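*Asks:* Here it is, the structure, as C-alpha cells.
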Amino acid sequence: MSIGKRVRLERLINRDTGKTVLVPMDHGVSSGPMKGIVNLKETVQKIAEGGANAIILHKGMVEAGHRGKGKDLGLIIHMSASTDLSLRKNDKVLVCTVEEAIKLGADGVSIHVNIGAEDEKQMLKDFGEVSKKCLEWQMPLLAMMYYRGPEVKNPYDPKAIAHIARIAAELGADIVKVPYTGDPETFREVVEGCPVPVVIAGGPKVDSDEALLKMVYDAVVVAGCAGLSIGRNIFQHDNVSLITSVLAKIVHEGISVEEALNLIKNVA
C-alpha cells in the first residue's frame, strides 16, 4: 500500500485504535427525504461533534453537508444507487467515478453489492472496475456487501456473510461492510476469514438504545471487528451527538453496554 492510500485511510480509520465509526447518509436516493438528512449540514455537525471518523454521501450532497468549521470529519463518496420505487431495487448501478470523488475532496469511495441479486454479475463487474481505479489513484475502497436476492432465505446466514466479506477482500476492498450475524461467535468467524477490516451495518432502525449498543459491543469488542457503518440508528436518533459519542466510546475505548447506557441516562 502506497503512502497516498495510507494517508487517506488514516482519515477514515483511527490510527491509534485501528477502529472506525462511519455514518452513511446516502439514503436520499433510495428512499427520498427523511428525518436526519433533510437539513444535512446540521446533522453532519452533530455527527462530527460526537466523534465519528467519517460520513458517507452521494456526490451531489457534498456541498449541502460541508460545514467549513468544527471538528474534522472524513468523507467517503458513495458510488452505487438504486431506488425503492424500482421493481428490482436490489440491483445497484454506478452513478459516480473515482475521479469525480477525488475532485470533490473525498478520502475514500464506497460501492454497494448485493450477492444473490438478479444482477449480481454486473455489480461484481463494476466492483472490479472501481477496484482497478482505486488502485490506480490509491483511493481507499469501502465495499458494502449484502446477501440479498429472490432466492435468499436468510440474509444474516453466518456462512453467507463470511463468504460475501471474503468476496470483497478478494476483489480489492480496503474496508468491508456486512450485516451482523446476530451472534458474536459466528461473527468472529466472519472477521477472521476476511484479511481487511470489517465493519457492521446498522440495518433497520432498532427499538432501543440498548439493542443498538449491545449489537455494536458484541461485534466490535467481543467478535473483534473494526467498527461500524450505521446510518439511520445514528442520524435519526433524538440526540445525534450523544449516540455518536457513546458508540465511539464502545468502538475506540471498549466501554461496556452498561457504561454506555449510563452515559445516555446521565444526559437524559
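Simple scheme: letters A, B, ... for chains in C-alpha cells order, numbers from 1 for residues in each chain, numbers from 1 for ligands in the order shown.
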Write out as a list in words the residues lying within 12 Å of Thr97 in chain A, counting only C-alpha atoms and excluding same-chain residues fewer than 5 positions away.

*Replies:*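 Neighbouring residues, sequence-local ones excluded: His58, Lys59, Ile77, His78, Met79, Ser80, Ile102, Lys103, Leu104, Ala106, Gly108, Val109, Ser110, Ile111, Asp126, Phe127, Glu129, Val130, Ser131, Lys132, Lys133, Cys134, Trp137 and Met139 of chain A.
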
*Asks:* Let's have the selection written as a PDB file, in the first residue's frame, with N, CA and C atoms.

*Replies:*
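What follows is the written file result-v6.pdb:
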```pdb
ATOM      1  N   HIS A  58     -23.615  10.774  -1.184  1.00  0.00           N
ATOM      2  CA  HIS A  58     -23.585  10.798  -2.639  1.00  0.00           C
ATOM      3  C   HIS A  58     -22.960  12.116  -3.091  1.00  0.00           C
ATOM      4  N   LYS A  59     -22.454  12.123  -4.322  1.00  0.00           N
ATOM      5  CA  LYS A  59     -21.662  13.252  -4.817  1.00  0.00           C
ATOM      6  C   LYS A  59     -22.409  14.592  -4.782  1.00  0.00           C
ATOM      7  N   ILE A  77     -17.305   9.069  -0.673  1.00  0.00           N
ATOM      8  CA  ILE A  77     -18.349   9.271  -1.671  1.00  0.00           C
ATOM      9  C   ILE A  77     -18.906   7.916  -2.095  1.00  0.00           C
ATOM     10  N   HIS A  78     -20.225   7.775  -1.982  1.00  0.00           N
ATOM     11  CA  HIS A  78     -20.871   6.519  -2.373  1.00  0.00           C
ATOM     12  C   HIS A  78     -21.123   6.533  -3.875  1.00  0.00           C
ATOM     13  N   MET A  79     -20.764   5.439  -4.535  1.00  0.00           N
ATOM     14  CA  MET A  79     -20.802   5.393  -5.989  1.00  0.00           C
ATOM     15  C   MET A  79     -21.957   4.566  -6.551  1.00  0.00           C
ATOM     16  N   SER A  80     -22.720   3.885  -5.696  1.00  0.00           N
ATOM     17  CA  SER A  80     -23.793   3.000  -6.162  1.00  0.00           C
ATOM     18  C   SER A  80     -25.161   3.595  -5.856  1.00  0.00           C
ATOM     19  N   ILE A 102     -12.437  12.196  -6.206  1.00  0.00           N
ATOM     20  CA  ILE A 102     -11.179  12.899  -5.920  1.00  0.00           C
ATOM     21  C   ILE A 102     -11.375  14.402  -6.060  1.00  0.00           C
ATOM     22  N   LYS A 103     -12.061  14.817  -7.122  1.00  0.00           N
ATOM     23  CA  LYS A 103     -12.302  16.250  -7.349  1.00  0.00           C
ATOM     24  C   LYS A 103     -13.152  16.866  -6.249  1.00  0.00           C
ATOM     25  N   LEU A 104     -13.980  16.043  -5.605  1.00  0.00           N
ATOM     26  CA  LEU A 104     -14.848  16.530  -4.521  1.00  0.00           C
ATOM     27  C   LEU A 104     -14.154  16.517  -3.164  1.00  0.00           C
ATOM     28  N   ALA A 106     -12.807  13.791  -1.604  1.00  0.00           N
ATOM     29  CA  ALA A 106     -13.090  12.582  -0.822  1.00  0.00           C
ATOM     30  C   ALA A 106     -11.816  11.917  -0.324  1.00  0.00           C
ATOM     31  N   GLY A 108     -12.151   8.639   0.434  1.00  0.00           N
ATOM     32  CA  GLY A 108     -12.396   7.274   0.016  1.00  0.00           C
ATOM     33  C   GLY A 108     -13.686   7.204  -0.786  1.00  0.00           C
ATOM     34  N   VAL A 109     -13.941   6.043  -1.377  1.00  0.00           N
ATOM     35  CA  VAL A 109     -15.193   5.812  -2.102  1.00  0.00           C
ATOM     36  C   VAL A 109     -15.807   4.513  -1.592  1.00  0.00           C
ATOM     37  N   SER A 110     -17.109   4.362  -1.834  1.00  0.00           N
ATOM     38  CA  SER A 110     -17.789   3.127  -1.438  1.00  0.00           C
ATOM     39  C   SER A 110     -18.689   2.649  -2.554  1.00  0.00           C
ATOM     40  N   ILE A 111     -18.866   1.334  -2.603  1.00  0.00           N
ATOM     41  CA  ILE A 111     -19.801   0.725  -3.537  1.00  0.00           C
ATOM     42  C   ILE A 111     -20.680  -0.261  -2.779  1.00  0.00           C
ATOM     43  N   ASP A 126     -18.707  -4.261 -11.983  1.00  0.00           N
ATOM     44  CA  ASP A 126     -18.490  -2.867 -11.580  1.00  0.00           C
ATOM     45  C   ASP A 126     -17.491  -2.783 -10.427  1.00  0.00           C
ATOM     46  N   PHE A 127     -17.598  -3.710  -9.486  1.00  0.00           N
ATOM     47  CA  PHE A 127     -16.673  -3.785  -8.352  1.00  0.00           C
ATOM     48  C   PHE A 127     -15.243  -3.872  -8.883  1.00  0.00           C
ATOM     49  N   GLU A 129     -14.020  -2.961 -11.772  1.00  0.00           N
ATOM     50  CA  GLU A 129     -13.602  -1.728 -12.443  1.00  0.00           C
ATOM     51  C   GLU A 129     -13.278  -0.630 -11.434  1.00  0.00           C
ATOM     52  N   VAL A 130     -14.114  -0.511 -10.401  1.00  0.00           N
ATOM     53  CA  VAL A 130     -13.867   0.503  -9.370  1.00  0.00           C
ATOM     54  C   VAL A 130     -12.588   0.182  -8.608  1.00  0.00           C
ATOM     55  N   SER A 131     -12.398  -1.090  -8.282  1.00  0.00           N
ATOM     56  CA  SER A 131     -11.185  -1.507  -7.576  1.00  0.00           C
ATOM     57  C   SER A 131      -9.935  -1.173  -8.380  1.00  0.00           C
ATOM     58  N   LYS A 132      -9.995  -1.372  -9.680  1.00  0.00           N
ATOM     59  CA  LYS A 132      -8.869  -1.053 -10.560  1.00  0.00           C
ATOM     60  C   LYS A 132      -8.541   0.435 -10.495  1.00  0.00           C
ATOM     61  N   LYS A 133      -9.573   1.271 -10.560  1.00  0.00           N
ATOM     62  CA  LYS A 133      -9.362   2.717 -10.498  1.00  0.00           C
ATOM     63  C   LYS A 133      -8.839   3.151  -9.127  1.00  0.00           C
ATOM     64  N   CYS A 134      -9.337   2.509  -8.071  1.00  0.00           N
ATOM     65  CA  CYS A 134      -8.875   2.845  -6.726  1.00  0.00           C
ATOM     66  C   CYS A 134      -7.393   2.492  -6.562  1.00  0.00           C
ATOM     67  N   TRP A 137      -5.413   5.247  -8.424  1.00  0.00           N
ATOM     68  CA  TRP A 137      -5.379   6.543  -7.745  1.00  0.00           C
ATOM     69  C   TRP A 137      -5.021   6.428  -6.262  1.00  0.00           C
ATOM     70  N   MET A 139      -6.852   5.201  -3.828  1.00  0.00           N
ATOM     71  CA  MET A 139      -8.050   5.657  -3.136  1.00  0.00           C
ATOM     72  C   MET A 139      -8.627   4.510  -2.310  1.00  0.00           C
TER      73      MET A 139
END
```

*Asks:* Can you tell me, as number ranges by chain, what residues are no more than 12 Å from Asp157 in chain A when counting only C-alpha atoms, ignoring any on the same chain fewer than 3 positions away?

*Replies:* A: 146-148, 152-154, 160-164, 178-183, 186-187, 190

*Asks:* Only C-alpha atoms, please: the residues just picked out, written as an mmCIF file, in the first residue's frame.

*Replies:*
```
data_model
loop_
_atom_site.group_PDB
_atom_site.id
_atom_site.type_symbol
_atom_site.label_atom_id
_atom_site.label_comp_id
_atom_site.auth_asym_id
_atom_site.auth_seq_id
_atom_site.Cartn_x
_atom_site.Cartn_y
_atom_site.Cartn_z
ATOM 1 C CA TYR A 146 -25.212 -7.766 1.371
ATOM 2 C CA TYR A 147 -26.734 -11.193 0.823
ATOM 3 C CA ARG A 148 -29.963 -10.250 -0.970
ATOM 4 C CA VAL A 152 -32.179 -15.682 -0.342
ATOM 5 C CA LYS A 153 -33.948 -17.135 2.691
ATOM 6 C CA ASN A 154 -31.739 -15.744 5.480
ATOM 7 C CA ALA A 160 -23.051 -16.462 3.600
ATOM 8 C CA ILE A 161 -21.884 -13.341 5.470
ATOM 9 C CA ALA A 162 -18.390 -14.813 5.807
ATOM 10 C CA HIS A 163 -18.462 -15.586 2.080
ATOM 11 C CA ILE A 164 -19.542 -12.106 0.958
ATOM 12 C CA VAL A 178 -21.546 -6.528 6.165
ATOM 13 C CA PRO A 179 -24.681 -7.196 8.241
ATOM 14 C CA TYR A 180 -24.143 -8.501 11.761
ATOM 15 C CA THR A 181 -24.923 -12.211 12.032
ATOM 16 C CA GLY A 182 -26.661 -11.715 15.379
ATOM 17 C CA ASP A 183 -24.106 -13.680 17.372
ATOM 18 C CA THR A 186 -20.306 -16.604 14.338
ATOM 19 C CA PHE A 187 -19.350 -13.011 13.547
ATOM 20 C CA VAL A 190 -16.550 -13.598 9.551
#
```

*Asks:* Of the residues A:Met1, A:Val257, A:Ile230, A:Cys194, which is the one nearest to Glu136 in chain A, using only C-alpha atoms?

*Replies:*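 Checking each candidate against Glu136 in chain A, we get A:Met1 as the closest.
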
*Asks:* Calculated over only C-alpha atoms, which of the candidates A:Pro204, A:Gly116, A:Gly60, A:Pro184 has the smallest distance to Val95 in chain A?

*Replies:* A:Gly60

*Asks:* Using DSSP assignments from the backbone, pull out every residue in range 25-240 of chain A that falls under strand (DSSP E or B) and give it to me as a ChimeraX atom specification.

*Replies:* /A:54-57,74-78,80-81,93-94,108-115,141-147,175-178,198-201,227-229

*Asks:* Determine the nearest neighbour of Met144 in chain A from the options A:His66, A:Lys89, A:Lys177, A:His27, counting only C-alpha atoms.

*Replies:* A:Lys177

*Asks:* Among range 14-215 of chain A, which ones does DSSP place in helix (DSSP H, G or I), written as number ranges by chain?

*Replies:* A: 27-31, 40-50, 59-65, 98-103, 120-137, 158-170, 184-192, 209-215

*Asks:* Would you kindly return, as JSON, numbers by chain, each protein, DNA or RNA residue with an atom no farther than 12 Å from any atom of Thr20 in chain A, considering only C-alpha atoms and excluding same-chain residues fewer than 4 positions away?

*Replies:* {"A": [9, 10, 11, 12, 13, 14, 15, 16, 51, 52, 53, 54, 55, 73, 74, 175, 176, 177, 197, 198, 199, 200, 216, 220, 225, 226, 227, 228, 229, 230, 244, 247, 248, 249, 250, 251, 252, 253]}

*Asks:* So the first atom is CA of Ala117 in chain A and the second is CA of Asp84 in chain A; what is the distance between them in Å, to one decimal place?

*Replies:*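 Distance reported for this atom pair: 14.9 Å.
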
*Asks:* Which residue, A:Val222, A:Leu85, A:Val196, A:Val93, has the smallest gap to Gly18 in chain A when you use only C-alpha atoms?

*Replies:*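 Under the stated criterion, the closest residue is A:Val196.
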
*Asks:* Nearest to Gly231 in chain A: which of A:Asp174, A:Asp207, A:Glu192, A:Asp26 is it, counting only C-alpha atoms?

*Replies:* A:Asp26

*Asks:* My list of candidates is A:Arg67, A:Pro158, A:Ala211, A:Met61. Which is closest to Gly28 in chain A when distances are computed with only C-alpha atoms?

*Replies:*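 So, comparing all the options, the nearest one is A:Met61.
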
*Asks:* Using only C-alpha atoms, which protein or nucleic acid residues come within 10 Å of Asp91 in chain A? Drop anything in the same chain fewer than 4 positions from it, and give the result as a PyMOL selection string.

*Replies:* chain A and resi 80-83+86-87+112-115+117-120+122-123+148-149

*Asks:* Excluding Lys46 in chain A and its own-chain neighbours fewer than 2 positions away, which residues fall within 10 Å of it when counting only C-alpha atoms? Please give them as a ChimeraX atom specification.

*Replies:* /A:41-44,48-52,70-71,235,239-245

*Asks:* Mind writing the picked residues with N, CA and C atoms as a PDB file, in the first residue's frame?

*Replies:*
```pdb
ATOM      1  N   LYS A  41     -26.471  19.613   6.737  1.00  0.00           N
ATOM      2  CA  LYS A  41     -25.342  20.288   7.386  1.00  0.00           C
ATOM      3  C   LYS A  41     -25.479  20.246   8.904  1.00  0.00           C
ATOM      4  N   GLU A  42     -26.687  20.435   9.397  1.00  0.00           N
ATOM      5  CA  GLU A  42     -26.929  20.420  10.846  1.00  0.00           C
ATOM      6  C   GLU A  42     -26.636  19.039  11.426  1.00  0.00           C
ATOM      7  N   THR A  43     -27.076  17.992  10.729  1.00  0.00           N
ATOM      8  CA  THR A  43     -26.847  16.635  11.214  1.00  0.00           C
ATOM      9  C   THR A  43     -25.376  16.261  11.134  1.00  0.00           C
ATOM     10  N   VAL A  44     -24.707  16.653  10.062  1.00  0.00           N
ATOM     11  CA  VAL A  44     -23.277  16.381   9.924  1.00  0.00           C
ATOM     12  C   VAL A  44     -22.500  17.036  11.059  1.00  0.00           C
ATOM     13  N   ALA A  48     -20.140  15.049  13.696  1.00  0.00           N
ATOM     14  CA  ALA A  48     -18.738  15.423  13.907  1.00  0.00           C
ATOM     15  C   ALA A  48     -18.466  15.698  15.375  1.00  0.00           C
ATOM     16  N   GLU A  49     -19.377  16.419  16.027  1.00  0.00           N
ATOM     17  CA  GLU A  49     -19.217  16.720  17.454  1.00  0.00           C
ATOM     18  C   GLU A  49     -19.188  15.442  18.283  1.00  0.00           C
ATOM     19  N   GLY A  50     -19.909  14.425  17.832  1.00  0.00           N
ATOM     20  CA  GLY A  50     -19.959  13.168  18.564  1.00  0.00           C
ATOM     21  C   GLY A  50     -18.713  12.313  18.409  1.00  0.00           C
ATOM     22  N   GLY A  51     -17.853  12.668  17.460  1.00  0.00           N
ATOM     23  CA  GLY A  51     -16.596  11.944  17.322  1.00  0.00           C
ATOM     24  C   GLY A  51     -16.568  10.854  16.274  1.00  0.00           C
ATOM     25  N   ALA A  52     -17.458  10.934  15.290  1.00  0.00           N
ATOM     26  CA  ALA A  52     -17.401   9.964  14.186  1.00  0.00           C
ATOM     27  C   ALA A  52     -16.107  10.167  13.397  1.00  0.00           C
ATOM     28  N   GLY A  70     -15.699  23.609  12.619  1.00  0.00           N
ATOM     29  CA  GLY A  70     -15.922  22.493  13.537  1.00  0.00           C
ATOM     30  C   GLY A  70     -14.899  21.385  13.382  1.00  0.00           C
ATOM     31  N   LYS A  71     -15.159  20.262  14.038  1.00  0.00           N
ATOM     32  CA  LYS A  71     -14.234  19.131  14.023  1.00  0.00           C
ATOM     33  C   LYS A  71     -14.100  18.549  12.622  1.00  0.00           C
ATOM     34  N   PHE A 235     -28.313   8.946  12.579  1.00  0.00           N
ATOM     35  CA  PHE A 235     -28.798  10.267  12.141  1.00  0.00           C
ATOM     36  C   PHE A 235     -30.281  10.502  12.400  1.00  0.00           C
ATOM     37  N   ASN A 239     -30.949  12.292  19.880  1.00  0.00           N
ATOM     38  CA  ASN A 239     -29.758  13.056  20.259  1.00  0.00           C
ATOM     39  C   ASN A 239     -28.583  12.498  19.453  1.00  0.00           C
ATOM     40  N   VAL A 240     -28.388  13.064  18.271  1.00  0.00           N
ATOM     41  CA  VAL A 240     -27.402  12.534  17.325  1.00  0.00           C
ATOM     42  C   VAL A 240     -25.988  12.592  17.887  1.00  0.00           C
ATOM     43  N   SER A 241     -25.625  13.727  18.478  1.00  0.00           N
ATOM     44  CA  SER A 241     -24.272  13.880  19.025  1.00  0.00           C
ATOM     45  C   SER A 241     -24.010  12.879  20.143  1.00  0.00           C
ATOM     46  N   LEU A 242     -24.992  12.684  21.006  1.00  0.00           N
ATOM     47  CA  LEU A 242     -24.826  11.784  22.146  1.00  0.00           C
ATOM     48  C   LEU A 242     -24.657  10.331  21.702  1.00  0.00           C
ATOM     49  N   ILE A 243     -25.543   9.850  20.827  1.00  0.00           N
ATOM     50  CA  ILE A 243     -25.447   8.443  20.423  1.00  0.00           C
ATOM     51  C   ILE A 243     -24.159   8.200  19.646  1.00  0.00           C
ATOM     52  N   THR A 244     -23.727   9.189  18.854  1.00  0.00           N
ATOM     53  CA  THR A 244     -22.462   9.045  18.130  1.00  0.00           C
ATOM     54  C   THR A 244     -21.311   8.938  19.116  1.00  0.00           C
ATOM     55  N   SER A 245     -21.321   9.788  20.126  1.00  0.00           N
ATOM     56  CA  SER A 245     -20.259   9.810  21.129  1.00  0.00           C
ATOM     57  C   SER A 245     -20.190   8.497  21.902  1.00  0.00           C
TER      58      SER A 245
END
```

*Asks:* Can you tell me which residues surround Asp209 in chain A at a distance of at most 10 Å, considering only C-alpha atoms, apart from same-chain residues fewer than 4 positions away, and format the answer as a PyMOL selection string?

*Replies:* chain A and resi 213-215+233+237+243+257+260-261+264
